[in-house]
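Note sheet for the following structure.
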Amino acid sequence: MWKSLLPGDRVQPGDIIRHISSLAKTAFGDNAFEVVKSDLHYFEIAAKPDQQEEPLPERKIIRYADIGYHFLVEIWLEKAGYFGTAI
């Protein structure tokens, strides 16, 4: 189940997140990203291994201060897997 990430919430490496359009309140396709590094002020994401086309996926850095202000993010909560796949 997806849950909105609120300002002050933190993520951990291995968490699955997705970006939400603030205009339409819908997900951009089904683009899920995996958190690969988490720090005090930012975290890094990369495409999930089943969605990447390159051997080394491009990583993006997201600042915690931007969440809820500049864009919306949701986190996948169920540890059983993302839509039936093992994590």
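Note on naming: chains are A, B, ... as they come in the structure tokens, residues start from 1 per chain, ligands start from 1 in the order shown.
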
Can you pull out the residues contacting stretch 29-38 of chain A? Cut-off 7 Å, using only C-alpha atoms, and skip same-chain residues under 6 positions away; I want them as a ChimeraX atom specification.
/A:11-18,44-48

Give me a file of those residues, with N, CA and C atoms, as a CSV table (one decimal), in the first residue's frame.
```
chain,number,residue,atom,x,y,z
A,11,VAL,N,13.4,8.0,5.0
A,11,VAL,CA,13.3,6.7,4.3
A,11,VAL,C,14.6,5.9,4.6
A,12,GLN,N,14.6,4.7,4.3
A,12,GLN,CA,15.8,3.8,4.6
A,12,GLN,C,16.2,3.1,3.3
A,13,PRO,N,17.5,2.8,3.2
A,13,PRO,CA,17.9,2.0,2.0
A,13,PRO,C,17.0,0.8,1.8
A,14,GLY,N,16.6,0.6,0.5
A,14,GLY,CA,15.8,-0.6,0.2
A,14,GLY,C,14.3,-0.2,0.1
A,15,ASP,N,13.9,0.9,0.6
A,15,ASP,CA,12.5,1.4,0.5
A,15,ASP,C,12.2,1.7,-0.9
A,16,ILE,N,10.9,1.5,-1.3
A,16,ILE,CA,10.4,1.7,-2.6
A,16,ILE,C,9.6,3.0,-2.6
A,17,ILE,N,9.9,4.0,-3.5
A,17,ILE,CA,9.1,5.2,-3.5
A,17,ILE,C,8.7,5.5,-4.9
A,18,ARG,N,7.7,6.4,-5.1
A,18,ARG,CA,7.3,6.9,-6.4
A,18,ARG,C,7.0,8.4,-6.3
A,44,GLU,N,19.3,9.1,-1.8
A,44,GLU,CA,19.5,8.8,-3.3
A,44,GLU,C,18.6,7.7,-3.7
A,45,ILE,N,18.1,7.9,-4.9
A,45,ILE,CA,17.2,6.9,-5.5
A,45,ILE,C,17.7,6.4,-6.8
A,46,ALA,N,17.4,5.2,-7.2
A,46,ALA,CA,17.7,4.6,-8.5
A,46,ALA,C,16.5,3.8,-9.0
A,47,ALA,N,16.4,3.6,-10.3
A,47,ALA,CA,15.4,2.8,-10.9
A,47,ALA,C,15.4,1.4,-10.3
A,48,LYS,N,14.3,0.8,-10.0
A,48,LYS,CA,14.3,-0.6,-9.5
A,48,LYS,C,15.0,-1.5,-10.5
```

Could you pull the residues within 7 Å of A:Val73, counting only C-alpha atoms, minus those fewer than 2 positions along the same chain, as a list in words?
Ser4, Leu5, Ile17, Arg18, His19, Ile20, Ile67, Phe71 and Ile75 of chain A

May I have the residues from that selection written out with C-alpha atoms, as a CSV table (one decimal), in the first residue's frame?
```
chain,number,residue,atom,x,y,z
A,4,SER,CA,2.4,9.8,1.3
A,5,LEU,CA,5.8,10.8,2.6
A,17,ILE,CA,9.1,5.2,-3.5
A,18,ARG,CA,7.3,6.9,-6.4
A,19,HIS,CA,6.9,10.6,-7.4
A,20,ILE,CA,3.4,12.0,-7.5
A,67,ILE,CA,9.3,16.8,0.1
A,71,PHE,CA,7.0,17.7,-5.0
A,75,ILE,CA,6.5,5.2,0.0
```

With a distance cut-off of 7 Å and only C-alpha atoms, select the neighbouring residues of A:Trp2, excluding the residue or stretch itself and same-chain residues fewer than 3 positions from it, and output the selection as a list in words.
Glu74, Ile75, Trp76 and Leu77 of chain A

Put those residues in a file: C-alpha atoms, as an mmCIF file, in the first residue's frame.
```
data_model
loop_
_atom_site.group_PDB
_atom_site.id
_atom_site.type_symbol
_atom_site.label_atom_id
_atom_site.label_comp_id
_atom_site.auth_asym_id
_atom_site.auth_seq_id
_atom_site.Cartn_x
_atom_site.Cartn_y
_atom_site.Cartn_z
ATOM 1 C CA GLU A 74 4.808 8.125 -1.742
ATOM 2 C CA ILE A 75 6.459 5.169 -0.035
ATOM 3 C CA TRP A 76 5.488 1.486 -0.377
ATOM 4 C CA LEU A 77 4.769 0.120 3.105
#
```

A:Gly8 environment, 10 Å, only C-alpha atoms, sequence neighbours closer than 6 positions dropped, as a CSV table (one decimal) with N, CA and C atoms, in the first residue's frame:
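Ended up saving to selection.csv:
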```csv
chain,number,residue,atom,x,y,z
A,64,TYR,N,15.4,16.1,1.7
A,64,TYR,CA,14.2,16.0,2.6
A,64,TYR,C,13.4,17.3,2.6
A,65,ALA,N,14.1,18.4,2.6
A,65,ALA,CA,13.4,19.7,2.7
A,65,ALA,C,12.5,20.0,1.5
A,67,ILE,N,10.5,17.7,0.1
A,67,ILE,CA,9.3,16.8,0.1
A,67,ILE,C,8.1,17.6,0.7
A,68,GLY,N,7.0,17.6,0.0
A,68,GLY,CA,5.8,18.3,0.5
A,68,GLY,C,5.8,19.7,0.1
```

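Taking atom CA of A:Leu72 and atom CA of A:Lys3 as the two end points, the separation is 10.8 Å.
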